[in-house]
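With compact mmCIF, C-alpha atoms and all ligand atoms inside, this is final-v1.txt:
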# COMPACT_ATOMS: atom_id res chain seq x y z
CA MET C 736 -28.60 77.46 58.08
CA GLU C 737 -31.92 79.22 57.33
CA PRO C 738 -30.96 82.84 56.48
CA LYS C 739 -32.12 85.49 58.97
CA THR C 740 -33.73 88.62 57.57
CA ILE C 741 -30.94 91.14 57.15
CA LYS C 742 -31.71 94.79 56.50
CA LYS C 743 -28.77 96.68 58.00
CA ILE C 744 -25.13 95.67 57.73
CA GLY C 745 -22.26 97.22 59.68
CA VAL C 746 -18.77 97.15 58.19
CA LEU C 747 -15.51 97.70 60.04
CA THR C 748 -11.76 97.42 59.55
CA SER C 749 -9.68 96.22 62.47
CA GLY C 750 -6.08 95.41 63.41
CA GLY C 751 -3.13 96.42 61.22
CA ASP C 752 -4.39 98.26 58.15
CA SER C 753 -3.58 96.95 54.69
CA PRO C 754 -3.71 98.38 51.15
CA GLY C 755 -7.04 97.40 49.61
CA MET C 756 -9.11 97.79 52.77
CA ASN C 757 -10.80 100.86 51.26
CA ALA C 758 -11.53 98.91 48.08
CA ALA C 759 -13.10 96.17 50.22
CA ILE C 760 -15.25 98.63 52.20
CA ARG C 761 -16.41 100.20 48.94
CA ALA C 762 -17.36 96.83 47.49
CA VAL C 763 -19.25 95.84 50.66
CA VAL C 764 -21.19 99.13 50.70
CA ARG C 765 -21.89 99.11 46.94
CA ALA C 766 -23.09 95.50 47.08
CA GLY C 767 -25.26 96.25 50.12
CA LEU C 768 -26.89 99.23 48.39
CA TYR C 769 -27.38 97.13 45.26
CA TYR C 770 -29.39 94.65 47.36
CA ASP C 771 -31.40 97.51 48.96
CA LEU C 772 -29.80 97.20 52.37
CA GLU C 773 -28.86 99.99 54.75
CA MET C 774 -25.12 100.16 55.28
CA TYR C 775 -23.28 101.43 58.36
CA GLY C 776 -19.62 102.25 58.86
CA ILE C 777 -18.20 101.36 62.26
CA TYR C 778 -15.19 103.62 62.83
CA ARG C 779 -11.92 102.49 64.48
CA GLY C 780 -12.83 98.81 64.47
CA TYR C 781 -14.26 97.21 67.60
CA GLU C 782 -13.19 100.28 69.56
CA GLY C 783 -15.71 102.35 67.59
CA MET C 784 -18.38 99.70 68.17
CA ILE C 785 -17.87 100.16 71.91
CA GLN C 786 -17.73 103.97 71.63
CA ASN C 787 -20.81 103.99 69.36
CA ASP C 788 -18.84 105.64 66.56
CA ILE C 789 -21.22 104.35 63.90
CA LYS C 790 -22.52 106.26 60.86
CA LYS C 791 -24.77 105.43 57.95
CA LEU C 792 -22.85 105.10 54.69
CA GLU C 793 -24.26 106.22 51.38
CA SER C 794 -22.88 105.97 47.89
CA ARG C 795 -21.23 109.41 48.19
CA HIS C 796 -19.07 108.23 51.10
CA ILE C 797 -17.31 105.65 49.00
CA THR C 798 -16.43 107.57 45.86
CA HIS C 799 -12.68 107.75 45.17
CA VAL C 800 -11.70 105.48 48.01
CA LEU C 801 -10.90 102.33 46.03
CA GLU C 802 -7.48 103.62 44.96
CA ARG C 803 -6.48 104.98 48.36
CA GLY C 804 -4.23 103.18 50.83
CA GLY C 805 -5.15 102.84 54.51
CA THR C 806 -8.76 102.67 55.62
CA PHE C 807 -11.11 105.64 55.74
CA LEU C 808 -13.05 103.85 58.49
CA LYS C 809 -9.78 103.85 60.46
CA SER C 810 -8.53 100.89 62.43
CA ALA C 811 -7.56 99.93 65.96
CA ARG C 812 -6.58 96.99 68.11
CA SER C 813 -9.20 97.01 70.88
CA ALA C 814 -8.25 95.63 74.30
CA GLU C 815 -11.74 96.39 75.63
CA PHE C 816 -13.47 94.21 73.05
CA ARG C 817 -11.55 91.29 74.55
CA THR C 818 -13.56 91.71 77.77
CA PRO C 819 -17.19 90.45 78.14
CA GLU C 820 -18.25 93.94 79.33
CA GLY C 821 -16.76 95.55 76.21
CA ARG C 822 -18.58 93.13 73.94
CA GLN C 823 -21.87 93.71 75.79
CA THR C 824 -21.57 97.49 75.24
CA ALA C 825 -20.67 96.88 71.59
CA TYR C 826 -23.75 94.66 71.16
CA ASN C 827 -26.05 97.25 72.78
CA ASN C 828 -24.73 99.91 70.38
CA LEU C 829 -25.31 97.70 67.34
CA LYS C 830 -28.87 97.03 68.49
CA SER C 831 -29.51 100.75 69.01
CA HIS C 832 -28.79 101.25 65.28
CA GLY C 833 -30.75 98.12 64.31
CA ILE C 834 -27.65 96.58 62.71
CA ASP C 835 -28.38 92.90 62.06
CA ALA C 836 -25.13 91.70 60.54
CA LEU C 837 -21.43 92.52 60.31
CA VAL C 838 -18.61 92.44 57.80
CA VAL C 839 -15.26 92.46 59.58
CA ILE C 840 -12.18 93.21 57.49
CA GLY C 841 -8.93 92.32 59.23
CA GLY C 842 -6.42 89.68 60.26
CA ASP C 843 -6.63 86.74 62.65
CA GLY C 844 -7.23 88.81 65.81
CA SER C 845 -10.06 90.74 64.16
CA LEU C 846 -11.71 87.60 62.81
CA THR C 847 -11.38 85.93 66.23
CA GLY C 848 -13.41 88.87 67.60
CA ALA C 849 -16.13 88.32 64.98
CA HIS C 850 -16.27 84.60 65.82
CA LEU C 851 -16.59 85.26 69.55
CA PHE C 852 -19.27 87.88 68.99
CA TYR C 853 -21.27 85.48 66.82
CA LYS C 854 -21.00 82.74 69.45
CA GLU C 855 -22.06 85.04 72.29
CA TYR C 856 -24.70 87.24 70.66
CA GLY C 857 -25.60 85.40 67.45
CA VAL C 858 -24.82 88.47 65.29
CA PRO C 859 -24.32 87.09 61.75
CA ALA C 860 -20.80 87.98 60.69
CA ILE C 861 -18.58 87.40 57.71
CA GLY C 862 -14.86 88.09 57.79
CA LEU C 863 -12.70 89.34 54.93
CA PRO C 864 -8.95 88.63 55.03
CA GLY C 865 -7.41 92.10 55.40
CA THR C 866 -3.75 91.89 56.37
CA ILE C 867 -0.42 92.27 54.61
CA ASP C 868 0.84 89.11 56.34
CA ASN C 869 -1.08 86.57 54.21
CA ASP C 870 -1.28 84.31 57.27
CA LEU C 871 -4.94 83.24 56.98
CA SER C 872 -6.08 79.88 55.70
CA GLY C 873 -9.01 79.73 53.30
CA THR C 874 -7.59 82.20 50.79
CA ASP C 875 -4.64 82.12 48.43
CA SER C 876 -3.84 85.74 49.17
CA THR C 877 -5.02 88.23 51.76
CA ILE C 878 -6.04 91.79 50.82
CA GLY C 879 -2.87 93.92 50.94
CA PHE C 880 -0.29 91.17 50.67
CA ASP C 881 0.45 91.74 46.98
CA THR C 882 0.89 95.50 47.44
CA ALA C 883 3.14 94.99 50.47
CA CYS C 884 5.35 92.59 48.48
CA ASN C 885 5.55 95.09 45.60
CA THR C 886 6.48 97.88 48.01
CA ALA C 887 9.16 95.74 49.65
CA ILE C 888 10.63 94.71 46.29
CA GLU C 889 10.71 98.29 45.03
CA ALA C 890 12.58 99.36 48.17
CA ILE C 891 15.00 96.43 48.00
CA ASP C 892 15.81 97.23 44.34
CA LYS C 893 16.90 100.68 45.47
CA ILE C 894 18.95 99.25 48.31
CA ARG C 895 20.59 96.91 45.78
CA ASP C 896 21.83 99.91 43.76
CA THR C 897 23.72 101.40 46.67
CA ALA C 898 24.80 97.98 48.01
CA THR C 899 26.41 97.19 44.67
CA SER C 900 28.15 100.55 44.40
CA HIS C 901 29.85 99.99 47.76
CA ASP C 902 30.21 96.18 47.75
CA ARG C 903 28.14 96.06 50.91
CA LEU C 904 26.15 93.42 52.69
CA PHE C 905 22.63 94.58 53.60
CA PHE C 906 20.20 93.00 56.02
CA VAL C 907 16.70 94.16 55.10
CA GLU C 908 13.91 93.55 57.59
CA VAL C 909 10.40 93.08 56.24
CA MET C 910 7.14 92.79 58.18
CA GLY C 911 5.66 89.50 59.31
CA ARG C 912 5.63 88.91 63.05
CA ASP C 913 4.66 85.25 62.81
CA ALA C 914 4.69 84.66 59.09
CA GLY C 915 7.37 84.70 56.42
CA PHE C 916 5.18 85.18 53.36
CA ILE C 917 6.34 88.73 52.57
CA ALA C 918 9.96 87.70 53.22
CA ILE C 919 9.91 84.73 50.87
CA ASN C 920 8.11 86.58 48.06
CA ALA C 921 10.21 89.71 48.37
CA GLY C 922 13.35 87.59 48.70
CA ILE C 923 12.72 85.60 45.53
CA GLY C 924 11.55 88.73 43.71
CA SER C 925 14.69 90.68 44.59
CA ALA C 926 17.32 87.96 44.18
CA ALA C 927 18.20 87.83 47.86
CA ALA C 928 21.28 85.91 49.00
CA ALA C 929 19.29 84.38 51.86
CA ILE C 930 15.82 84.61 53.43
CA LEU C 931 15.15 84.19 57.15
CA ILE C 932 11.57 83.58 58.26
CA PRO C 933 9.84 82.90 61.61
CA GLU C 934 8.67 79.44 60.57
CA LYS C 935 12.15 78.06 59.90
CA LYS C 936 15.35 78.34 61.87
CA MET C 937 18.50 78.92 59.85
CA PRO C 938 21.64 78.34 61.96
CA ILE C 939 23.88 81.41 61.77
CA GLU C 940 26.79 79.20 60.58
CA HIS C 941 24.76 78.23 57.48
CA LEU C 942 24.13 81.85 56.68
CA VAL C 943 27.79 82.75 57.17
CA ASP C 944 28.92 79.86 54.93
CA LYS C 945 26.46 80.92 52.25
CA LEU C 946 27.76 84.49 52.31
CA LYS C 947 31.39 83.29 52.16
CA ILE C 948 30.63 81.16 49.08
CA ARG C 949 28.96 84.11 47.39
CA THR C 950 31.93 86.33 48.15
CA LYS C 951 34.25 83.77 46.56
CA ALA C 952 31.99 83.75 43.51
CA LYS C 953 32.55 87.55 43.39
CA LYS C 954 28.92 88.57 43.79
CA ALA C 955 29.06 92.35 43.93
CA SER C 956 26.37 92.78 46.57
CA ASN C 957 24.57 90.63 49.05
CA ILE C 958 21.09 91.24 50.39
CA VAL C 959 19.67 89.10 53.18
CA ILE C 960 15.94 89.38 53.85
CA VAL C 961 14.87 88.92 57.46
CA ALA C 962 11.22 88.69 58.57
CA GLU C 963 10.71 90.79 61.70
CA GLY C 964 9.57 87.79 63.77
CA GLY C 965 12.56 85.60 62.91
CA LYS C 966 13.60 82.95 65.43
CA SER C 967 17.11 84.39 65.85
CA GLY C 968 15.84 87.98 66.03
CA GLY C 969 15.29 90.80 63.56
CA ALA C 970 17.72 92.19 60.99
CA THR C 971 19.80 94.11 63.55
CA GLU C 972 20.39 91.05 65.74
CA ILE C 973 21.26 88.87 62.75
CA ALA C 974 23.61 91.53 61.35
CA ASN C 975 25.43 91.74 64.70
CA LEU C 976 25.85 87.97 64.83
CA VAL C 977 27.15 87.81 61.26
CA LYS C 978 29.54 90.70 61.89
CA LYS C 979 31.30 88.57 64.52
CA HIS C 980 31.98 85.86 61.92
CA LEU C 981 32.71 88.21 59.01
CA PRO C 982 34.36 91.30 60.56
CA TYR C 983 35.80 92.42 57.21
CA TYR C 984 32.30 92.86 55.67
CA ASP C 985 30.81 96.33 55.34
CA ILE C 986 27.38 95.61 56.81
CA LYS C 987 24.28 97.82 56.82
CA VAL C 988 20.75 97.26 58.11
CA THR C 989 17.49 98.66 56.71
CA ILE C 990 14.14 98.11 58.41
CA LEU C 991 11.30 98.68 55.95
CA GLY C 992 8.64 98.74 58.69
CA HIS C 993 5.28 100.40 58.21
CA LEU C 994 6.19 101.61 54.73
CA GLN C 995 4.89 98.18 53.68
CA ARG C 996 1.42 98.87 55.06
CA GLY C 997 0.79 102.02 53.04
CA GLY C 998 0.30 103.01 49.43
CA SER C 999 -2.27 102.66 46.71
CA PRO C 1000 -3.35 99.00 46.34
CA SER C 1001 -2.05 96.97 43.40
CA SER C 1002 -4.47 95.88 40.67
CA PHE C 1003 -4.52 92.40 42.21
CA ASP C 1004 -5.44 93.70 45.68
CA ARG C 1005 -8.15 95.94 44.18
CA LEU C 1006 -9.58 92.95 42.37
CA ILE C 1007 -9.66 90.54 45.31
CA ALA C 1008 -10.97 93.25 47.65
CA SER C 1009 -13.78 94.00 45.19
CA LYS C 1010 -14.72 90.36 44.61
CA LEU C 1011 -14.62 89.52 48.31
CA GLY C 1012 -16.62 92.61 49.29
CA VAL C 1013 -19.48 91.47 47.06
CA ALA C 1014 -19.05 87.88 48.31
CA ALA C 1015 -19.37 89.06 51.92
CA VAL C 1016 -22.77 90.70 51.37
CA GLU C 1017 -24.07 87.86 49.20
CA GLY C 1018 -22.83 85.31 51.75
CA LEU C 1019 -24.71 87.04 54.57
CA LEU C 1020 -27.89 87.14 52.49
CA GLN C 1021 -27.52 83.40 51.82
CA GLY C 1022 -27.16 82.60 55.54
CA LYS C 1023 -23.40 82.01 55.58
CA TYR C 1024 -22.38 83.16 59.06
CA ASP C 1025 -19.21 82.91 61.13
CA VAL C 1026 -17.18 82.34 57.96
CA MET C 1027 -14.41 84.13 56.11
CA ALA C 1028 -14.78 84.77 52.40
CA GLY C 1029 -11.57 84.04 50.54
CA LEU C 1030 -10.40 83.32 47.00
CA ILE C 1031 -8.91 79.96 46.14
CA ASN C 1032 -7.95 79.45 42.50
CA ASN C 1033 -9.89 82.64 41.77
CA LYS C 1034 -13.15 81.20 43.14
CA VAL C 1035 -14.94 82.51 46.22
CA VAL C 1036 -14.73 80.05 49.11
CA TYR C 1037 -16.38 80.46 52.54
CA THR C 1038 -14.26 78.94 55.31
CA PRO C 1039 -15.39 78.77 58.96
CA ILE C 1040 -13.56 81.56 60.78
CA LYS C 1041 -12.29 79.07 63.35
CA LYS C 1042 -10.54 77.18 60.56
CA ALA C 1043 -9.28 80.29 58.74
CA ILE C 1044 -7.48 81.64 61.81
CA VAL C 1045 -5.78 78.37 62.75
CA ASP C 1046 -2.12 78.84 62.17
CA ASP C 1047 -1.72 76.09 59.57
CA LYS C 1048 -0.92 78.10 56.47
CA SER C 1049 2.80 77.98 56.04
CA VAL C 1050 5.25 79.17 53.45
CA ASP C 1051 5.40 76.69 50.58
CA GLU C 1052 8.44 74.41 50.88
CA ASP C 1053 8.79 74.63 47.12
CA ASP C 1054 9.28 78.39 47.36
CA PHE C 1055 12.23 77.67 49.63
CA ARG C 1056 13.67 75.22 47.16
CA VAL C 1057 13.36 77.80 44.38
CA ALA C 1058 14.94 80.51 46.55
CA LYS C 1059 17.84 78.17 47.38
CA ILE C 1060 18.50 77.26 43.74
CA LEU C 1061 18.40 80.90 42.67
CA SER C 1062 20.69 82.19 45.41
CA THR C 1063 23.65 79.85 44.85
O1 LIG K 1 -0.35 92.14 61.07
C1 LIG K 1 0.18 93.09 60.23
C2 LIG K 1 1.43 93.70 60.79
O2 LIG K 1 1.86 94.68 59.89
C3 LIG K 1 2.56 92.71 61.10
O3 LIG K 1 3.29 92.34 59.96
C4 LIG K 1 3.35 93.50 62.09
O4 LIG K 1 4.10 92.66 62.92
C5 LIG K 1 2.30 94.21 62.88
O5 LIG K 1 1.17 94.34 62.03
C6 LIG K 1 2.69 95.56 63.40
O6 LIG K 1 1.63 96.08 64.13
P1 LIG K 1 1.55 97.58 64.69
O7 LIG K 1 1.34 98.50 63.53
O8 LIG K 1 0.40 97.57 65.62
O9 LIG K 1 2.87 97.83 65.35

Show me this structure written as structure tokens.
Amino acid sequence: MEPKTIKKIGVLTSGGDSPGMNAAIRAVVRAGLYYDLEMYGIYRGYEGMIQNDIKKLESRHITHVLERGGTFLKSARSAEFRTPEGRQTAYNNLKSHGIDALVVIGGDGSLTGAHLFYKEYGVPAIGLPGTIDNDLSGTDSTIGFDTACNTAIEAIDKIRDTATSHDRLFFVEVMGRDAGFIAINAGIGSAAAAILIPEKKMPIEHLVDKLKIRTKAKKASNIVIVAEGGKSGGATEIANLVKKHLPYYDIKVTILGHLQRGGSPSSFDRLIASKLGVAAVEGLLQGKYDVMAGLINNKVVYTPIKKAIVDDKSVDEDDFRVAKILST
């Protein structure tokens, strides 16, 4: 497509925040200023676009943000943006600032919003994959996923200490409503006895048999990782089911929850956020619209948003095989 003239870019973060979002905003703003563009921060995601919470960003606004968790632009899940009236108001507000293009940092819901907006109003938009869930196609890793896995593993290591001291069985719930990427990585990285993810059903009898075998082998502690969106329920439900089969086990449940969304981004998340932030601005200037910038084999790839949000990225079967071998 012939590139439109772009002079003012708006950047926003939307949906669940993720470590590295600040690093991505910084890179987008720095790259925009480098190319002599005016940069605008849209606060609280699409909600702020509707409320006209939009401010010009200069270099001084983005100093010392790269290393900070969360997002200084704040984030929200906007119900109003899902309505045509909400999007009309948002468009009018963008026009009043003269904003000609958008960079949307978020997960599948946020990128869906950018796609819809482009289709309806023709506002050039590029998405950046900002979610701890890693459930977007068109990128090997989403911004925040690596940090979330590190946080989960650090917490599970600590749980392991107390589990071993008391010969206990722990069910640890990690985030991932529809995706088991954090669960499988954290599970392999923390030597879990079993990993339960939304994409795959594990009959409770299999899990019980596995735990019995491990007990016979005199494993001092057992940790089972459960993704929050698991088919048989979260960690509490699974623990209750297992308790019925193994009443003599001392069972505890820990839900890691939003802990996984916070914290200073890892070096890897800082790097991908920085590369993708520059790629977003350069992509817009080259006329790449309605796409998500991702990294595949360390190279920037622009994937149509419609393709990136399709739920076809699934946990690698080989990771399962590895987890199985290592947990017997
Ligand atoms: O999409 C990221 C995520 O952290 C999911 O893993 C989780 O299910 C969800 O957001 C929680 O959302 P909220 O913070 O709105 O409860």

How close does each residue of chain C get to ligand LIG 1 (chain K), giving the shortest atom pair and distance in Å to one decimal for every residue with an atom at most 10 Å away, counting all atoms listed in the file, sorted by chain and residue number, as CSV?
residue,atom,partner,partner_atom,distance
C:Gly750,CA,K:LIG1,O1,7.0
C:Gly751,CA,K:LIG1,C1,4.8
C:Asp752,CA,K:LIG1,C1,7.2
C:Ser753,CA,K:LIG1,C1,7.7
C:Ala811,CA,K:LIG1,O8,8.3
C:Arg812,CA,K:LIG1,O8,7.4
C:Gly841,CA,K:LIG1,O1,8.8
C:Gly842,CA,K:LIG1,O1,6.6
C:Asp843,CA,K:LIG1,O1,8.4
C:Gly844,CA,K:LIG1,O1,9.0
C:Gly865,CA,K:LIG1,C1,9.1
C:Thr866,CA,K:LIG1,C1,5.6
C:Ile867,CA,K:LIG1,C1,5.7
C:Asp868,CA,K:LIG1,O3,5.4
C:Asn869,CA,K:LIG1,O1,8.9
C:Asp870,CA,K:LIG1,O1,8.8
C:Gly879,CA,K:LIG1,C1,9.8
C:Phe880,CA,K:LIG1,C1,9.8
C:Ala883,CA,K:LIG1,O2,9.5
C:Val909,CA,K:LIG1,O3,8.1
C:Met910,CA,K:LIG1,O3,4.3
C:Gly911,CA,K:LIG1,O3,3.8
C:Arg912,CA,K:LIG1,O4,4.1
C:Asp913,CA,K:LIG1,O4,7.4
C:Ala914,CA,K:LIG1,O3,7.9
C:Gly915,CA,K:LIG1,O3,9.4
C:Phe916,CA,K:LIG1,O3,9.9
C:Ile917,CA,K:LIG1,O3,8.8
C:Ala962,CA,K:LIG1,O3,8.8
C:Glu963,CA,K:LIG1,O4,7.0
C:Gly964,CA,K:LIG1,O4,7.4
C:Gly992,CA,K:LIG1,O2,8.0
C:His993,CA,K:LIG1,O2,6.9
C:Leu994,CA,K:LIG1,O2,9.7
C:Gln995,CA,K:LIG1,O2,7.7
C:Arg996,CA,K:LIG1,O2,6.4

Go ahead and save the picked residues with C-alpha atoms, as an mmCIF file, in the coordinates of the input.
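For reference, out.cif as written:
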data_model
loop_
_atom_site.group_PDB
_atom_site.id
_atom_site.type_symbol
_atom_site.label_atom_id
_atom_site.label_comp_id
_atom_site.auth_asym_id
_atom_site.auth_seq_id
_atom_site.Cartn_x
_atom_site.Cartn_y
_atom_site.Cartn_z
ATOM 1 C CA GLY C 750 -6.080 95.410 63.410
ATOM 2 C CA GLY C 751 -3.130 96.420 61.220
ATOM 3 C CA ASP C 752 -4.390 98.260 58.150
ATOM 4 C CA SER C 753 -3.580 96.950 54.690
ATOM 5 C CA ALA C 811 -7.560 99.930 65.960
ATOM 6 C CA ARG C 812 -6.580 96.990 68.110
ATOM 7 C CA GLY C 841 -8.930 92.320 59.230
ATOM 8 C CA GLY C 842 -6.420 89.680 60.260
ATOM 9 C CA ASP C 843 -6.630 86.740 62.650
ATOM 10 C CA GLY C 844 -7.230 88.810 65.810
ATOM 11 C CA GLY C 865 -7.410 92.100 55.400
ATOM 12 C CA THR C 866 -3.750 91.890 56.370
ATOM 13 C CA ILE C 867 -0.420 92.270 54.610
ATOM 14 C CA ASP C 868 0.840 89.110 56.340
ATOM 15 C CA ASN C 869 -1.080 86.570 54.210
ATOM 16 C CA ASP C 870 -1.280 84.310 57.270
ATOM 17 C CA GLY C 879 -2.870 93.920 50.940
ATOM 18 C CA PHE C 880 -0.290 91.170 50.670
ATOM 19 C CA ALA C 883 3.140 94.990 50.470
ATOM 20 C CA VAL C 909 10.400 93.080 56.240
ATOM 21 C CA MET C 910 7.140 92.790 58.180
ATOM 22 C CA GLY C 911 5.660 89.500 59.310
ATOM 23 C CA ARG C 912 5.630 88.910 63.050
ATOM 24 C CA ASP C 913 4.660 85.250 62.810
ATOM 25 C CA ALA C 914 4.690 84.660 59.090
ATOM 26 C CA GLY C 915 7.370 84.700 56.420
ATOM 27 C CA PHE C 916 5.180 85.180 53.360
ATOM 28 C CA ILE C 917 6.340 88.730 52.570
ATOM 29 C CA ALA C 962 11.220 88.690 58.570
ATOM 30 C CA GLU C 963 10.710 90.790 61.700
ATOM 31 C CA GLY C 964 9.570 87.790 63.770
ATOM 32 C CA GLY C 992 8.640 98.740 58.690
ATOM 33 C CA HIS C 993 5.280 100.400 58.210
ATOM 34 C CA LEU C 994 6.190 101.610 54.730
ATOM 35 C CA GLN C 995 4.890 98.180 53.680
ATOM 36 C CA ARG C 996 1.420 98.870 55.060
#

Near segment 1003-1010 of chain C, 9 Å: segment 775-876 of chain C residue rows, closest pairs, only C-alpha atoms, as CSV:
residue,atom,partner,partner_atom,distance
C:Leu801,CA,C:Arg1005,CA,7.2
C:Glu802,CA,C:Arg1005,CA,7.7
C:Leu863,CA,C:Ala1008,CA,8.4
C:Pro864,CA,C:Ala1008,CA,8.9
C:Gly865,CA,C:Ala1008,CA,8.6
C:Ser876,CA,C:Ile1007,CA,8.5

Exercise for the section: Fewer than 5 positions away in the same chain doesn't count, so skip those; otherwise give me all residues within 12 Å of Gln823 of chain C, counting all atoms listed in the file, as a ChimeraX atom specification. Expected result: /C:781,784-786,815-818,828-830,851-852,855-856

Problem - Selected residue, from C:Ile888, C:Thr874, C:Arg949, C:Leu991, that lies nearest to Asn1033 of chain C when counting all atoms listed in the file - result: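 For Asn1033 of chain C, the nearest of the candidates is C:Thr874.
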
Practice task
Could you jot down the atom CA of Val988 of chain C to atom CA of Lys936 of chain C separation for me, Å, one decimal place?
Solution key: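 Separation of atom CA of Val988 of chain C and atom CA of Lys936 of chain C: 20.0 Å.
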
Pull segment 1043-1049 of chain C out of the block and emit all heavy atoms, as an mmCIF file, in the first residue's frame.
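Output file decode02.cif follows:
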data_model
loop_
_atom_site.group_PDB
_atom_site.id
_atom_site.type_symbol
_atom_site.label_atom_id
_atom_site.label_comp_id
_atom_site.auth_asym_id
_atom_site.auth_seq_id
_atom_site.Cartn_x
_atom_site.Cartn_y
_atom_site.Cartn_z
ATOM 1 N N ALA C 1043 -2.737 -12.672 13.378
ATOM 2 C CA ALA C 1043 -2.020 -12.758 14.663
ATOM 3 C C ALA C 1043 -2.953 -13.133 15.820
ATOM 4 O O ALA C 1043 -2.546 -13.793 16.768
ATOM 5 C CB ALA C 1043 -1.333 -11.429 14.962
ATOM 6 N N ILE C 1044 -4.211 -12.694 15.719
ATOM 7 C CA ILE C 1044 -5.123 -12.933 16.851
ATOM 8 C C ILE C 1044 -5.880 -14.254 16.741
ATOM 9 O O ILE C 1044 -6.548 -14.657 17.685
ATOM 10 C CB ILE C 1044 -6.163 -11.785 17.008
ATOM 11 C CG1 ILE C 1044 -6.960 -11.596 15.716
ATOM 12 C CG2 ILE C 1044 -5.507 -10.499 17.431
ATOM 13 C CD1 ILE C 1044 -8.010 -10.505 15.794
ATOM 14 N N VAL C 1045 -5.752 -14.922 15.580
ATOM 15 C CA VAL C 1045 -6.419 -16.220 15.462
ATOM 16 C C VAL C 1045 -5.743 -17.176 16.433
ATOM 17 O O VAL C 1045 -4.532 -17.208 16.548
ATOM 18 C CB VAL C 1045 -6.313 -16.745 14.000
ATOM 19 C CG1 VAL C 1045 -6.827 -18.168 13.919
ATOM 20 C CG2 VAL C 1045 -7.119 -15.854 13.077
ATOM 21 N N ASP C 1046 -6.600 -17.931 17.093
ATOM 22 C CA ASP C 1046 -6.106 -18.759 18.185
ATOM 23 C C ASP C 1046 -5.410 -20.032 17.674
ATOM 24 O O ASP C 1046 -5.836 -21.136 17.962
ATOM 25 C CB ASP C 1046 -7.331 -19.127 19.035
ATOM 26 C CG ASP C 1046 -6.930 -19.511 20.436
ATOM 27 O OD1 ASP C 1046 -5.761 -19.315 20.773
ATOM 28 O OD2 ASP C 1046 -7.797 -20.023 21.155
ATOM 29 N N ASP C 1047 -4.342 -19.866 16.872
ATOM 30 C CA ASP C 1047 -3.741 -21.099 16.349
ATOM 31 C C ASP C 1047 -2.320 -21.322 16.855
ATOM 32 O O ASP C 1047 -1.608 -22.182 16.381
ATOM 33 C CB ASP C 1047 -3.790 -21.117 14.813
ATOM 34 C CG ASP C 1047 -2.897 -20.035 14.202
ATOM 35 O OD1 ASP C 1047 -2.398 -19.174 14.962
ATOM 36 O OD2 ASP C 1047 -2.715 -20.053 12.979
ATOM 37 N N LYS C 1048 -1.921 -20.505 17.830
ATOM 38 C CA LYS C 1048 -0.586 -20.745 18.395
ATOM 39 C C LYS C 1048 -0.787 -21.637 19.613
ATOM 40 O O LYS C 1048 -1.478 -21.254 20.559
ATOM 41 C CB LYS C 1048 0.033 -19.418 18.810
ATOM 42 C CG LYS C 1048 1.442 -19.551 19.344
ATOM 43 C CD LYS C 1048 2.033 -18.173 19.502
ATOM 44 C CE LYS C 1048 3.297 -18.157 20.291
ATOM 45 N NZ LYS C 1048 3.765 -16.795 20.518
ATOM 46 N N SER C 1049 -0.245 -22.811 19.555
ATOM 47 C CA SER C 1049 -0.467 -23.684 20.710
ATOM 48 C C SER C 1049 0.865 -24.149 21.280
ATOM 49 O O SER C 1049 1.898 -24.106 20.611
ATOM 50 C CB SER C 1049 -1.337 -24.869 20.312
ATOM 51 O OG SER C 1049 -0.735 -25.529 19.249
#
